[in-house]
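Text of the file query-v6.cif, holding mmCIF, C-alpha atoms:
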```cif
data_protein
loop_
_atom_site.label_atom_id
_atom_site.label_comp_id
_atom_site.auth_asym_id
_atom_site.auth_seq_id
_atom_site.Cartn_x
_atom_site.Cartn_y
_atom_site.Cartn_z
CA MET A 1 -268.81 -147.76 151.11
CA ALA A 2 -270.62 -148.91 154.25
CA THR A 3 -267.37 -150.33 155.61
CA PHE A 4 -265.64 -146.99 155.01
CA HIS A 5 -268.37 -145.12 156.92
CA LEU A 6 -268.10 -147.49 159.85
CA ARG A 7 -264.35 -146.89 160.06
CA VAL A 8 -264.86 -143.11 160.04
CA ILE A 9 -267.47 -143.33 162.81
CA PHE A 10 -265.16 -145.58 164.84
CA LEU A 11 -262.22 -143.15 164.53
CA ILE A 12 -264.40 -140.17 165.52
CA SER A 13 -265.70 -142.02 168.59
CA MET A 14 -262.15 -142.92 169.60
CA LEU A 15 -261.14 -139.26 169.39
CA PHE A 16 -263.99 -138.19 171.66
CA THR A 17 -263.47 -140.94 174.25
CA SER A 18 -259.77 -140.10 174.52
CA SER A 19 -260.24 -136.34 174.72
CA TYR A 20 -257.90 -134.30 176.91
CA SER A 21 -260.45 -133.28 179.55
CA PHE A 22 -261.70 -136.86 179.95
CA SER A 23 -258.15 -138.04 180.49
CA ASP A 24 -257.64 -135.33 183.12
CA SER A 25 -260.81 -136.39 184.93
CA GLU A 26 -259.80 -140.03 184.98
CA SER A 27 -256.31 -139.24 186.26
CA LEU A 28 -257.61 -137.03 189.07
CA LEU A 29 -260.23 -139.59 190.14
CA LYS A 30 -257.54 -142.27 190.23
CA PHE A 31 -255.41 -139.97 192.39
CA GLU A 32 -258.36 -139.26 194.70
CA ALA A 33 -259.02 -142.98 195.13
CA SER A 34 -255.60 -143.40 196.78
CA LEU A 35 -256.43 -140.87 199.50
CA VAL A 36 -258.01 -141.46 202.91
CA ASN A 37 -260.43 -139.03 204.62
CA ALA A 38 -260.99 -137.28 201.28
CA SER A 39 -264.58 -136.22 201.96
CA LYS A 40 -263.77 -132.66 200.91
CA LEU A 41 -263.08 -133.99 197.41
CA ASP A 42 -266.41 -135.84 197.04
CA SER A 43 -267.51 -133.25 194.49
CA TRP A 44 -264.89 -134.61 192.09
CA ARG A 45 -266.83 -137.84 191.60
CA ASN A 46 -270.15 -136.27 190.61
CA ASN A 47 -268.86 -133.32 188.60
CA PRO A 48 -269.80 -133.66 184.92
CA LYS A 49 -267.62 -130.69 183.95
CA PRO A 50 -263.95 -131.02 183.02
CA PRO A 51 -261.45 -130.04 185.75
CA CYS A 52 -260.40 -126.89 183.88
CA ASP A 53 -262.30 -124.34 181.82
CA GLY A 54 -259.71 -121.94 180.49
CA ASN A 55 -257.97 -120.47 183.57
CA ARG A 56 -260.94 -121.31 185.81
CA ALA A 57 -261.10 -124.52 187.81
CA ASN A 58 -264.35 -126.51 187.99
CA TRP A 59 -262.92 -128.93 190.58
CA VAL A 60 -261.96 -128.08 194.16
CA GLY A 61 -258.22 -127.62 194.75
CA VAL A 62 -257.24 -127.74 191.05
CA LEU A 63 -255.10 -124.96 189.55
CA CYS A 64 -255.69 -124.31 185.86
CA LYS A 65 -254.21 -122.44 182.93
CA LYS A 66 -255.53 -122.57 179.37
CA ASP A 67 -257.69 -125.69 179.94
CA THR A 68 -254.69 -127.47 181.46
CA VAL A 69 -254.15 -128.76 185.00
CA LEU A 70 -251.30 -126.62 186.32
CA GLY A 71 -251.27 -127.86 189.90
CA LEU A 72 -253.08 -129.16 192.98
CA LYS A 73 -253.62 -127.15 196.16
CA LEU A 74 -255.09 -129.55 198.72
CA GLU A 75 -254.25 -127.92 202.04
CA LYS A 76 -255.86 -128.28 205.49
CA MET A 77 -258.20 -131.08 204.40
CA GLY A 78 -257.21 -133.79 206.89
CA LEU A 79 -255.97 -135.98 204.04
CA SER A 80 -253.93 -139.13 204.57
CA GLY A 81 -253.21 -142.30 202.65
CA THR A 82 -250.95 -142.43 199.60
CA ILE A 83 -249.93 -139.66 197.20
CA ASP A 84 -250.25 -141.56 193.91
CA VAL A 85 -247.50 -139.91 191.88
CA ASP A 86 -248.06 -142.25 188.91
CA SER A 87 -251.61 -140.98 188.41
CA LEU A 88 -250.24 -137.42 188.18
CA SER A 89 -247.41 -138.20 185.78
CA GLY A 90 -249.73 -137.78 182.79
CA PHE A 91 -250.11 -134.05 183.43
CA SER A 92 -247.28 -132.68 181.30
CA LYS A 93 -247.86 -129.09 182.48
CA LEU A 94 -248.02 -129.90 186.20
CA ARG A 95 -246.00 -127.23 188.01
CA THR A 96 -247.26 -126.98 191.61
CA LEU A 97 -248.23 -129.49 194.30
CA SER A 98 -249.25 -128.40 197.79
CA PHE A 99 -250.37 -130.90 200.45
CA MET A 100 -249.46 -128.79 203.48
CA ASN A 101 -251.23 -129.17 206.83
CA ASN A 102 -252.57 -132.71 206.30
CA ASN A 103 -251.90 -136.12 207.87
CA PHE A 104 -249.76 -137.90 205.27
CA ASN A 105 -247.16 -140.23 206.74
CA GLY A 106 -244.55 -142.75 205.67
CA SER A 107 -241.63 -142.20 203.32
CA LEU A 108 -241.39 -139.43 200.74
CA PRO A 109 -243.13 -140.33 197.43
CA ASP A 110 -240.97 -140.51 194.29
CA PHE A 111 -241.54 -137.02 192.94
CA ASN A 112 -238.71 -137.54 190.43
CA LYS A 113 -241.44 -138.84 188.11
CA LEU A 114 -242.84 -135.29 187.92
CA SER A 115 -239.82 -133.64 186.34
CA GLY A 116 -241.69 -130.45 185.40
CA LEU A 117 -242.45 -129.44 189.00
CA ARG A 118 -241.57 -125.88 190.03
CA SER A 119 -242.99 -125.90 193.58
CA LEU A 120 -243.51 -128.72 196.11
CA TYR A 121 -245.13 -127.94 199.48
CA LEU A 122 -245.30 -130.80 202.04
CA SER A 123 -244.89 -128.94 205.35
CA ASN A 124 -246.86 -129.86 208.47
CA ASN A 125 -247.46 -133.55 207.80
CA GLN A 126 -246.15 -136.77 209.35
CA PHE A 127 -243.70 -137.92 206.66
CA SER A 128 -240.75 -139.83 208.11
CA GLY A 129 -237.68 -141.89 207.28
CA ASP A 130 -234.43 -141.17 205.45
CA LEU A 131 -234.41 -139.40 202.10
CA PRO A 132 -232.44 -141.12 199.32
CA LYS A 133 -229.49 -139.18 197.93
CA ASN A 134 -231.20 -138.91 194.53
CA ALA A 135 -234.55 -137.81 195.98
CA PHE A 136 -234.60 -134.63 193.85
CA GLU A 137 -232.09 -135.27 191.07
CA SER A 138 -234.73 -135.19 188.26
CA LEU A 139 -236.40 -131.98 189.48
CA ALA A 140 -233.98 -129.65 187.72
CA ARG A 141 -236.61 -126.88 187.42
CA LEU A 142 -237.68 -126.95 191.06
CA LYS A 143 -237.74 -123.50 192.68
CA LYS A 144 -239.48 -124.02 196.01
CA LEU A 145 -239.29 -127.02 198.34
CA TYR A 146 -241.09 -127.03 201.71
CA LEU A 147 -240.56 -130.07 203.98
CA SER A 148 -240.88 -128.24 207.31
CA LYS A 149 -242.32 -129.85 210.45
CA ASN A 150 -242.30 -133.50 209.44
CA LYS A 151 -240.28 -136.40 210.91
CA PHE A 152 -237.59 -136.92 208.28
CA THR A 153 -234.34 -138.44 209.50
CA GLY A 154 -230.87 -139.12 208.13
CA GLU A 155 -228.71 -136.84 206.03
CA ILE A 156 -230.00 -134.09 203.77
CA PRO A 157 -229.81 -135.57 200.25
CA SER A 158 -226.93 -134.23 198.20
CA SER A 159 -229.18 -133.90 195.12
CA ILE A 160 -230.88 -130.86 196.67
CA ALA A 161 -227.60 -128.94 196.64
CA ASN A 162 -227.35 -129.22 192.84
CA LEU A 163 -230.73 -127.67 191.98
CA ARG A 164 -229.51 -124.51 190.28
CA LYS A 165 -232.91 -122.78 190.00
CA VAL A 166 -234.11 -123.28 193.57
CA ILE A 167 -234.88 -120.07 195.51
CA GLU A 168 -236.54 -121.43 198.69
CA ILE A 169 -235.70 -124.50 200.78
CA LYS A 170 -237.36 -125.13 204.15
CA PHE A 171 -236.26 -128.24 206.05
CA ASP A 172 -236.79 -126.90 209.60
CA GLY A 173 -238.53 -128.87 212.34
CA ASN A 174 -237.40 -132.38 211.31
CA LYS A 175 -234.77 -134.84 212.60
CA PHE A 176 -232.14 -134.48 209.88
CA SER A 177 -228.63 -135.41 211.04
CA GLY A 178 -225.12 -135.44 209.66
CA LYS A 179 -223.38 -132.65 207.79
CA ILE A 180 -224.94 -129.93 205.66
CA PRO A 181 -224.27 -130.45 201.93
CA ASP A 182 -222.32 -127.80 200.06
CA PHE A 183 -225.09 -125.83 198.38
CA LYS A 184 -224.19 -124.45 194.94
CA GLN A 185 -227.06 -121.95 194.73
CA HIS A 186 -226.81 -118.20 195.21
CA ASN A 187 -229.39 -115.70 196.48
CA PHE A 188 -231.80 -118.28 197.88
CA THR A 189 -233.75 -118.65 201.13
CA LEU A 190 -232.83 -121.55 203.43
CA ASN A 191 -234.09 -122.79 206.81
CA LEU A 192 -232.44 -125.76 208.55
CA SER A 193 -233.35 -124.86 212.13
CA ASN A 194 -234.47 -127.37 214.78
CA ASN A 195 -232.84 -130.55 213.45
CA ALA A 196 -229.89 -132.66 214.64
CA LEU A 197 -227.31 -131.48 212.11
CA GLU A 198 -223.64 -131.40 213.06
CA GLY A 199 -220.21 -130.50 211.77
CA SER A 200 -218.83 -127.42 210.08
CA ILE A 201 -221.18 -125.15 208.11
CA PRO A 202 -220.08 -124.97 204.44
CA ALA A 203 -218.33 -121.78 203.40
CA SER A 204 -221.04 -121.10 200.82
CA LEU A 205 -223.51 -120.58 203.71
CA SER A 206 -221.19 -118.63 206.03
CA LYS A 207 -222.95 -115.30 205.34
CA MET A 208 -226.46 -116.60 206.01
CA ASP A 209 -228.59 -115.44 208.93
CA PRO A 210 -227.48 -117.50 211.96
CA THR A 211 -231.11 -118.13 212.98
CA ILE A 212 -231.57 -120.57 210.08
CA PHE A 213 -229.13 -122.92 211.87
CA SER A 214 -230.60 -122.56 215.39
CA GLY A 215 -231.63 -125.70 217.25
CA ASN A 216 -228.73 -127.76 215.83
CA LYS A 217 -226.36 -128.16 218.78
CA GLY A 218 -223.69 -129.93 216.75
CA LEU A 219 -223.16 -127.19 214.13
CA CYS A 220 -220.22 -124.81 214.20
CA GLY A 221 -218.38 -122.38 211.97
CA ALA A 222 -219.47 -119.04 210.51
CA PRO A 223 -221.96 -117.56 211.09
CA LEU A 224 -222.06 -119.55 214.37
CA LYS A 225 -219.27 -120.16 216.87
CA THR A 226 -215.83 -121.24 215.66
CA CYS A 227 -215.26 -124.98 215.41
CA ASP A 228 -212.87 -126.44 217.96
CA SER A 229 -209.57 -127.69 216.55
CA PRO A 230 -209.28 -131.49 216.52
CA THR A 231 -207.50 -132.92 219.52
CA SER A 232 -204.17 -134.68 218.99
CA PRO A 233 -204.21 -138.51 219.35
CA PRO A 234 -203.10 -139.84 222.72
CA THR A 235 -199.47 -141.04 222.98
CA ILE A 236 -198.73 -144.69 223.79
CA GLN A 237 -197.01 -144.89 227.13
CA SER A 238 -194.20 -147.35 227.74
CA SER A 239 -194.90 -150.22 230.07
CA ALA A 240 -191.63 -149.53 231.93
CA PRO A 241 -192.01 -147.13 234.82
CA SER A 242 -190.51 -143.74 234.13
CA PRO A 243 -188.37 -142.00 236.71
CA ALA A 244 -190.21 -139.64 238.94
CA LEU A 245 -189.81 -136.03 237.96
CA PRO A 246 -190.27 -133.07 240.19
CA THR A 247 -193.71 -131.62 239.69
CA THR A 248 -194.23 -127.93 239.26
CA PRO A 249 -197.48 -126.30 240.15
CA SER A 250 -199.59 -125.54 237.10
CA PRO A 251 -200.58 -121.94 236.67
CA ALA A 252 -204.09 -121.07 237.82
CA PRO A 253 -206.56 -120.85 234.95
CA SER A 254 -207.32 -117.34 233.87
CA PRO A 255 -210.80 -116.20 234.80
CA ALA A 256 -213.36 -116.45 232.03
CA PRO A 257 -214.21 -113.12 230.44
CA PRO A 258 -217.50 -111.69 231.65
CA LYS A 259 -220.45 -112.50 229.44
CA THR A 260 -221.57 -109.61 227.35
CA PRO A 261 -225.24 -108.92 226.87
CA ALA A 262 -226.81 -110.21 223.66
CA ILE A 263 -225.93 -107.91 220.80
CA TRP A 264 -229.19 -108.69 219.05
CA LEU A 265 -231.40 -107.03 221.69
CA PRO A 266 -230.70 -103.41 220.64
CA THR A 267 -231.14 -104.39 216.98
CA ILE A 268 -234.52 -106.03 217.63
CA VAL A 269 -235.74 -103.05 219.68
CA PHE A 270 -234.61 -100.68 216.92
CA LEU A 271 -236.39 -102.70 214.23
CA VAL A 272 -239.63 -102.87 216.23
CA VAL A 273 -239.67 -99.14 216.98
CA THR A 274 -238.76 -98.27 213.38
CA SER A 275 -241.49 -100.53 212.01
CA ILE A 276 -244.15 -99.00 214.28
CA ILE A 277 -243.14 -95.46 213.27
CA PHE A 278 -243.08 -96.40 209.58
CA ALA A 279 -246.50 -98.10 209.81
CA THR A 280 -247.98 -95.08 211.60
CA LEU A 281 -246.67 -92.61 209.01
CA THR A 282 -247.86 -94.81 206.16
CA LEU A 283 -251.38 -95.07 207.60
CA LEU A 284 -251.57 -91.29 208.06
CA LEU A 285 -250.45 -90.72 204.47
CA ILE A 286 -253.03 -93.21 203.20
CA CYS A 287 -255.86 -91.53 205.11
CA CYS A 288 -254.83 -88.07 203.88
CA ARG A 289 -254.56 -89.05 200.22
CA SER A 290 -257.17 -91.83 199.84
CA ARG A 291 -260.02 -91.39 197.36
CA VAL A 292 -263.05 -93.60 196.80
CA GLN A 293 -262.51 -95.61 193.63
CA PRO A 294 -264.53 -98.45 192.07
CA PRO A 295 -263.22 -102.00 192.49
CA HIS A 296 -260.72 -103.08 189.90
CA SER A 297 -257.99 -105.67 189.51
CA ILE A 298 -254.37 -105.22 190.53
CA GLU A 299 -253.05 -105.44 187.02
CA ALA A 300 -249.36 -105.74 186.32
CA PRO A 301 -247.74 -102.55 184.88
CA PRO A 302 -246.34 -102.52 181.35
CA PRO A 303 -242.79 -103.87 181.04
CA THR A 304 -239.88 -101.48 181.20
CA SER A 305 -238.81 -100.20 177.78
CA GLY A 306 -235.89 -102.10 176.32
CA ALA A 307 -236.47 -105.14 178.55
CA SER A 308 -239.09 -107.84 178.28
CA GLN A 309 -241.13 -108.81 181.35
CA LYS A 310 -240.11 -112.17 182.75
CA ASN A 311 -242.88 -114.75 182.81
CA ASP A 312 -241.52 -116.65 185.77
CA VAL A 313 -241.79 -113.85 188.36
CA GLU A 314 -243.36 -115.42 191.45
CA LEU A 315 -244.35 -114.53 194.98
CA SER A 316 -241.91 -115.49 197.72
CA PHE A 317 -243.74 -116.47 200.91
CA LEU A 318 -242.24 -115.69 204.31
CA ARG A 319 -244.87 -117.50 206.41
CA ASP A 320 -245.72 -121.21 206.39
CA ASP A 321 -249.13 -120.76 208.01
CA ARG A 322 -250.74 -119.01 205.04
CA GLU A 323 -252.51 -120.62 202.09
CA ARG A 324 -250.53 -120.34 198.88
CA PHE A 325 -251.62 -118.29 195.86
CA ASP A 326 -249.63 -117.35 192.82
CA LEU A 327 -248.84 -113.91 191.43
CA ALA A 328 -251.29 -114.25 188.53
CA GLU A 329 -254.15 -114.94 190.93
CA LEU A 330 -253.19 -111.94 193.06
CA LEU A 331 -252.87 -109.52 190.14
CA LYS A 332 -256.22 -110.54 188.63
CA SER A 333 -258.17 -110.49 191.90
CA THR A 334 -260.88 -107.90 192.56
CA ALA A 335 -259.32 -105.05 194.51
CA ASP A 336 -260.17 -101.78 196.28
CA VAL A 337 -257.70 -98.93 196.46
CA LEU A 338 -257.00 -98.23 200.14
CA GLY A 339 -254.82 -95.23 199.48
CA SER A 340 -251.59 -93.94 198.02
CA GLY A 341 -248.53 -92.18 199.30
CA SER A 342 -245.07 -91.07 198.37
CA PHE A 343 -243.85 -94.70 198.18
CA GLY A 344 -246.72 -96.10 196.09
CA SER A 345 -250.27 -97.37 196.47
CA SER A 346 -252.06 -99.93 198.67
CA HIS A 347 -254.85 -102.26 197.56
CA LYS A 348 -257.22 -104.68 199.27
CA ALA A 349 -257.22 -107.82 197.10
CA ALA A 350 -260.09 -110.33 197.39
CA LEU A 351 -258.68 -113.75 196.41
CA SER A 352 -260.71 -116.54 194.87
CA VAL A 353 -260.04 -118.74 197.93
CA GLY A 354 -262.09 -116.28 200.02
CA SER A 355 -259.38 -114.49 201.98
CA SER A 356 -258.35 -110.85 201.57
CA MET A 357 -254.81 -109.48 201.45
CA VAL A 358 -253.27 -106.00 201.34
CA VAL A 359 -250.85 -105.40 198.48
CA LYS A 360 -248.43 -102.47 198.70
CA ARG A 361 -246.93 -101.48 195.36
CA HIS A 362 -243.64 -99.61 195.77
CA LYS A 363 -242.55 -97.87 192.59
CA LYS A 364 -239.76 -95.73 194.06
CA MET A 365 -237.46 -98.56 195.08
CA ASN A 366 -236.02 -99.32 191.64
CA ASN A 367 -232.53 -98.35 192.77
CA VAL A 368 -232.49 -101.23 195.25
CA GLY A 369 -230.70 -104.35 193.98
CA LYS A 370 -232.45 -107.71 194.05
CA GLU A 371 -230.10 -109.30 196.59
CA GLU A 372 -230.36 -106.32 198.96
CA PHE A 373 -234.16 -106.22 198.58
CA ILE A 374 -234.55 -109.96 199.34
CA LYS A 375 -232.30 -109.61 202.39
CA HIS A 376 -234.44 -106.77 203.77
CA MET A 377 -237.64 -108.74 203.14
CA GLU A 378 -236.25 -111.77 204.98
CA ASN A 379 -235.36 -109.57 207.96
CA LEU A 380 -238.92 -108.21 208.00
CA GLY A 381 -240.26 -111.76 207.70
CA TRP A 382 -238.46 -112.80 210.91
CA LEU A 383 -239.89 -109.81 212.80
CA ARG A 384 -242.70 -110.73 215.23
CA HIS A 385 -244.50 -108.14 217.39
CA GLU A 386 -248.11 -107.80 218.49
CA ASN A 387 -248.30 -104.22 217.19
CA VAL A 388 -246.63 -104.88 213.81
CA LEU A 389 -248.53 -106.45 210.93
CA PRO A 390 -246.37 -109.37 209.66
CA LEU A 391 -245.16 -109.47 206.07
CA VAL A 392 -246.69 -112.54 204.36
CA ALA A 393 -245.03 -112.47 200.91
CA TYR A 394 -243.16 -110.27 198.48
CA CYS A 395 -242.35 -110.05 194.80
CA TYR A 396 -239.29 -108.46 193.19
CA ARG A 397 -240.06 -106.87 189.82
CA ARG A 398 -237.78 -104.57 187.91
CA GLU A 399 -240.35 -101.78 187.59
CA GLU A 400 -241.93 -102.11 191.06
CA LYS A 401 -241.86 -104.13 194.27
CA LEU A 402 -244.92 -105.84 195.80
CA LEU A 403 -245.37 -106.40 199.54
CA VAL A 404 -248.28 -108.60 200.69
CA TYR A 405 -249.84 -108.38 204.16
CA ASP A 406 -252.93 -109.80 205.87
CA PHE A 407 -256.01 -107.56 205.71
CA VAL A 408 -257.11 -106.38 209.16
CA GLU A 409 -260.85 -105.83 209.59
CA ASN A 410 -260.61 -103.49 212.59
CA GLY A 411 -259.81 -100.38 210.60
CA SER A 412 -256.65 -98.29 210.67
CA LEU A 413 -254.84 -96.14 213.22
CA ALA A 414 -256.35 -93.02 211.65
CA VAL A 415 -259.87 -94.45 212.04
CA HIS A 416 -259.37 -95.07 215.75
CA LEU A 417 -257.91 -91.59 216.24
CA HIS A 418 -260.28 -89.51 214.09
CA GLY A 419 -263.27 -91.75 213.29
CA TYR A 420 -264.49 -93.10 209.97
CA GLN A 421 -264.82 -89.61 208.47
CA THR A 422 -261.13 -89.83 207.65
CA LEU A 423 -261.94 -92.49 205.07
CA ARG A 424 -264.23 -90.04 203.22
CA LYS A 425 -266.80 -92.71 202.55
CA PRO A 426 -270.21 -91.58 201.25
CA HIS A 427 -273.10 -91.94 203.72
#
```

C-alpha cells encoding of this file:
Amino acid sequence: MATFHLRVIFLISMLFTSSYSFSDSESLLKFEASLVNASKLDSWRNNPKPPCDGNRANWVGVLCKKDTVLGLKLEKMGLSGTIDVDSLSGFSKLRTLSFMNNNFNGSLPDFNKLSGLRSLYLSNNQFSGDLPKNAFESLARLKKLYLSKNKFTGEIPSSIANLRKVIEIKFDGNKFSGKIPDFKQHNFTLNLSNNALEGSIPASLSKMDPTIFSGNKGLCGAPLKTCDSPTSPPTIQSSAPSPALPTTPSPAPSPAPPKTPAIWLPTIVFLVVTSIIFATLTLLLICCRSRVQPPHSIEAPPPTSGASQKNDVELSFLRDDRERFDLAELLKSTADVLGSGSFGSSHKAALSVGSSMVVKRHKKMNNVGKEEFIKHMENLGWLRHENVLPLVAYCYRREEKLLVYDFVENGSLAVHLHGYQTLRKPH
C-alpha cells in the first residue's frame, strides 16, 4: 500500500512540474537568453506569475489568448543577438511575431519551424544575405510579411509567391535583385520599391500602383514603361573586302516629342484639396452632433443576419512606423465617443500599450465592394500632407468599415474656430 501511495505522489508531482504555464515560462526564458541588450526584458526573469492569465499578459511584450501565448511584440527595444526559433517552436498557438525597429543582423532565421504563423514583422533591422527559395514554403497560413528596410540581397524567394492566404507583403528598402516572381495571390498589398530588381513585371501585377515598383531602375512593363524589344544578334562579316557601295545620306532623326507635365500632379492636388474639405466637414458635423457619454469599449456589432461573423478579420496597417495592435485589442479598449455624423461615429480608443487612436466606424458604406474599398484605403495611405491626418490602419467588415487614425491632442478645427464651448463639456 505504501508503494502505491508513493507512485501516486510521484505522478502528481510530475503533472505539476510539467504544467503548461511552467513550460511557457521556460521556453520564453530560453528565448530571452539568446538575445543581446535585452534589459527591457529583465522583468521576465523575476516574474513568479505565468506569462498569460486568460487574455491578459503578465510578461512584457507577450500577446495572450485563453492562457496561451499567441505572439510576441518586442518592438523598439534595441534588441540584437539571435532569434532562437527552436525555443518558440513549442508554442502551438503562436500566431504573431514582431521584432520591428531593433538591431538584429545576419541571415534570416528559419521561421519554417513555426508553421502556424499568421504575421511576421521584421522591418527596420539589419538582416542581410540571400533568402533561400524555400524560406517561406511551410508558412501556408501566413497573411502578413514585413521585411522592409533591411539589407537582404539576391532574388525574392519563389516560395513567397505561392502563399495563397497572404494579404500584405512589404520588401521595400532592401537590395533584392533579379526578376519578380509570378505572384499567384489576388487582392493583396505589395511593396517592392527601392531595390535592384530588373526585368519584365509579371502580368499578374500589371494593374498594381506603379509606386510600389519605384526605385528599381531595371524594371519595365505595365504599369511602368514598355520593355524594349530584344536587339537582333550581330551578323558575322566576311573577311573578304566587299565592294564599295555608294552611300546615301541617312534621314535626320525626328525631333523628340516635347515632354508633357507629370499627369499625377493634378490628381495629387485634387486628392489633397478633397481630403481637407472632407476633414473640415466631418469635424463640423462631429462638433454639432457630439454628446458627452461615459467611457465604454468599441464593441463589435452583431453579425449580419444569415451570415456568420468571420473570426479572422484583422486590421490592415498602412504605416510601418506605428506599433502593431490587433482588432480584438482595439475593440475592447476603453473609448470615448468623440461624435457622430451622417457616415457613422468616431471614438477615441485608449490602447493597453499607452497610445490613443481615433476609430471612425462607417456603417453606410456597405454597398462598396471589398476590392474597391481596399484600393481606396491604399490610395489614402500613400497620401502625405501636413494638414491631413494620415490613415494608420483600416478594417473591412461586412456590416461596417473601420478607419484608424492617430489621436491629435491639440483639439479640432471647430475648437480653434469657436472655442471649447463647442464640445459642450461640463464646467

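Every protein or nucleic acid residue with an atom no more than 10 Å from Ala38 in chain A, counting only C-alpha atoms and leaving out same-chain residues fewer than 3 positions away, appears here: A:Glu32, A:Ala33, A:Ser34, A:Leu35, A:Leu41, A:Asp42, A:Met77, A:Gly78, A:Leu79, A:Ser80, A:Gly81.
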
With C-alpha atoms retained, could you export that selection as a PDB file, in the coordinates of the input?
```
ATOM      1  CA  GLU A  32    -258.360-139.260 194.700  1.00  0.00           C
ATOM      2  CA  ALA A  33    -259.020-142.980 195.130  1.00  0.00           C
ATOM      3  CA  SER A  34    -255.600-143.400 196.780  1.00  0.00           C
ATOM      4  CA  LEU A  35    -256.430-140.870 199.500  1.00  0.00           C
ATOM      5  CA  LEU A  41    -263.080-133.990 197.410  1.00  0.00           C
ATOM      6  CA  ASP A  42    -266.410-135.840 197.040  1.00  0.00           C
ATOM      7  CA  MET A  77    -258.200-131.080 204.400  1.00  0.00           C
ATOM      8  CA  GLY A  78    -257.210-133.790 206.890  1.00  0.00           C
ATOM      9  CA  LEU A  79    -255.970-135.980 204.040  1.00  0.00           C
ATOM     10  CA  SER A  80    -253.930-139.130 204.570  1.00  0.00           C
ATOM     11  CA  GLY A  81    -253.210-142.300 202.650  1.00  0.00           C
TER      12      GLY A  81
END
```

Explicit residue set for the PyMOL selection byres ((chain A and resi 24-28) around 9), as a list in words: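 On this input, the PyMOL selection byres ((chain A and resi 24-28) around 9) captures Ser19, Tyr20, Ser21, Phe22, Ser23, Leu29, Lys30, Phe31, Glu32, Ala33, Trp44, Lys49, Pro50, Pro51, Cys52, Thr68, Val69, Ser87, Leu88, Ser89, Gly90 and Phe91 of chain A.
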
Dump as a tab-separated table (two decimals), keeping the file's coordinate frame, selection limited to C-alpha atoms:
```tsv
chain	number	residue	atom	x	y	z
A	19	SER	CA	-260.24	-136.34	174.72
A	20	TYR	CA	-257.90	-134.30	176.91
A	21	SER	CA	-260.45	-133.28	179.55
A	22	PHE	CA	-261.70	-136.86	179.95
A	23	SER	CA	-258.15	-138.04	180.49
A	29	LEU	CA	-260.23	-139.59	190.14
A	30	LYS	CA	-257.54	-142.27	190.23
A	31	PHE	CA	-255.41	-139.97	192.39
A	32	GLU	CA	-258.36	-139.26	194.70
A	33	ALA	CA	-259.02	-142.98	195.13
A	44	TRP	CA	-264.89	-134.61	192.09
A	49	LYS	CA	-267.62	-130.69	183.95
A	50	PRO	CA	-263.95	-131.02	183.02
A	51	PRO	CA	-261.45	-130.04	185.75
A	52	CYS	CA	-260.40	-126.89	183.88
A	68	THR	CA	-254.69	-127.47	181.46
A	69	VAL	CA	-254.15	-128.76	185.00
A	87	SER	CA	-251.61	-140.98	188.41
A	88	LEU	CA	-250.24	-137.42	188.18
A	89	SER	CA	-247.41	-138.20	185.78
A	90	GLY	CA	-249.73	-137.78	182.79
A	91	PHE	CA	-250.11	-134.05	183.43
```

So that I can see what lies close to Lys363 in chain A, please list as a ChimeraX atom specification the residues with an atom at most 9 Å from it, counting all atoms listed in the file and leaving out residues fewer than 5 positions away in the same chain. /A:343-345,399-402

So that I can see what lies close to Lys76 in chain A, please list as a list in words the residues with an atom at most 8 Å from it, counting only C-alpha atoms and leaving out residues fewer than 6 positions away in the same chain.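 Near neighbours after the sequence-gap exclusion: Phe99, Met100, Asn101 and Asn102 of chain A.
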
Limited to C-alpha atoms, could you put the picked residues into a file as a tab-separated table (two decimals), in the frame of the given file?
```
chain	number	residue	atom	x	y	z
A	99	PHE	CA	-250.37	-130.90	200.45
A	100	MET	CA	-249.46	-128.79	203.48
A	101	ASN	CA	-251.23	-129.17	206.83
A	102	ASN	CA	-252.57	-132.71	206.30
```

Please indicate the distance in Å from CA of Asp86 in chain A to CA of Gln126 in chain A, rounded to one decimal place.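 Interatomic distance here is 21.2 Å.
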
On this structure, the PyMOL selection byres ((chain A and resi 109) around 8) would catch which residues? List them as a VMD selection string, sorted by chain and number. chain A and resid 83 85 107 to 108 110 to 111

Output check: residues returned by the PyMOL selection byres ((chain A and resi 169) around 7), as a list in words: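 Here the PyMOL selection byres ((chain A and resi 169) around 7) matches Lys144, Leu145, Tyr146, Ile167, Glu168, Lys170, Phe171, Thr189, Leu190 and Asn191 of chain A.
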
Interatomic distance, CA of Ser138 in chain A to CA of Leu120 in chain A (Å, one decimal):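 Value for the CA of Ser138 in chain A-CA of Leu120 in chain A distance: 13.4 Å.
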
Exercise: Asp130 in chain A partners within 12 Å, all atoms listed in the file, chain neighbours under 2 positions left out, as a list in words: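 Residues near the query, excluding close chain neighbours: Gly106, Ser107, Leu108, Pro109, Phe127, Ser128, Pro132, Lys133, Asn134, Ala135, Asn150, Lys151, Phe152, Thr153, Gly154, Glu155, Ile156, Pro157, Asn174, Lys175, Phe176, Ser177 and Gly178 of chain A.
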
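We find CA of Arg56 in chain A and CA of Leu72 in chain A to be spaced 13.2 Å apart.
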
Could you tell me, as a list in words, which residues have any atom at most 6 Å from (-219.6, -116.0, 208.3), counting only C-alpha atoms?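 Residues close enough to count: Ser206, Lys207, Ala222 and Pro223 of chain A.
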
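The residue set within 6 Å of Leu315 in chain A, counting only C-alpha atoms and dropping same-chain residues fewer than 3 places from it, reads Leu327, Tyr394 and Cys395 of chain A.
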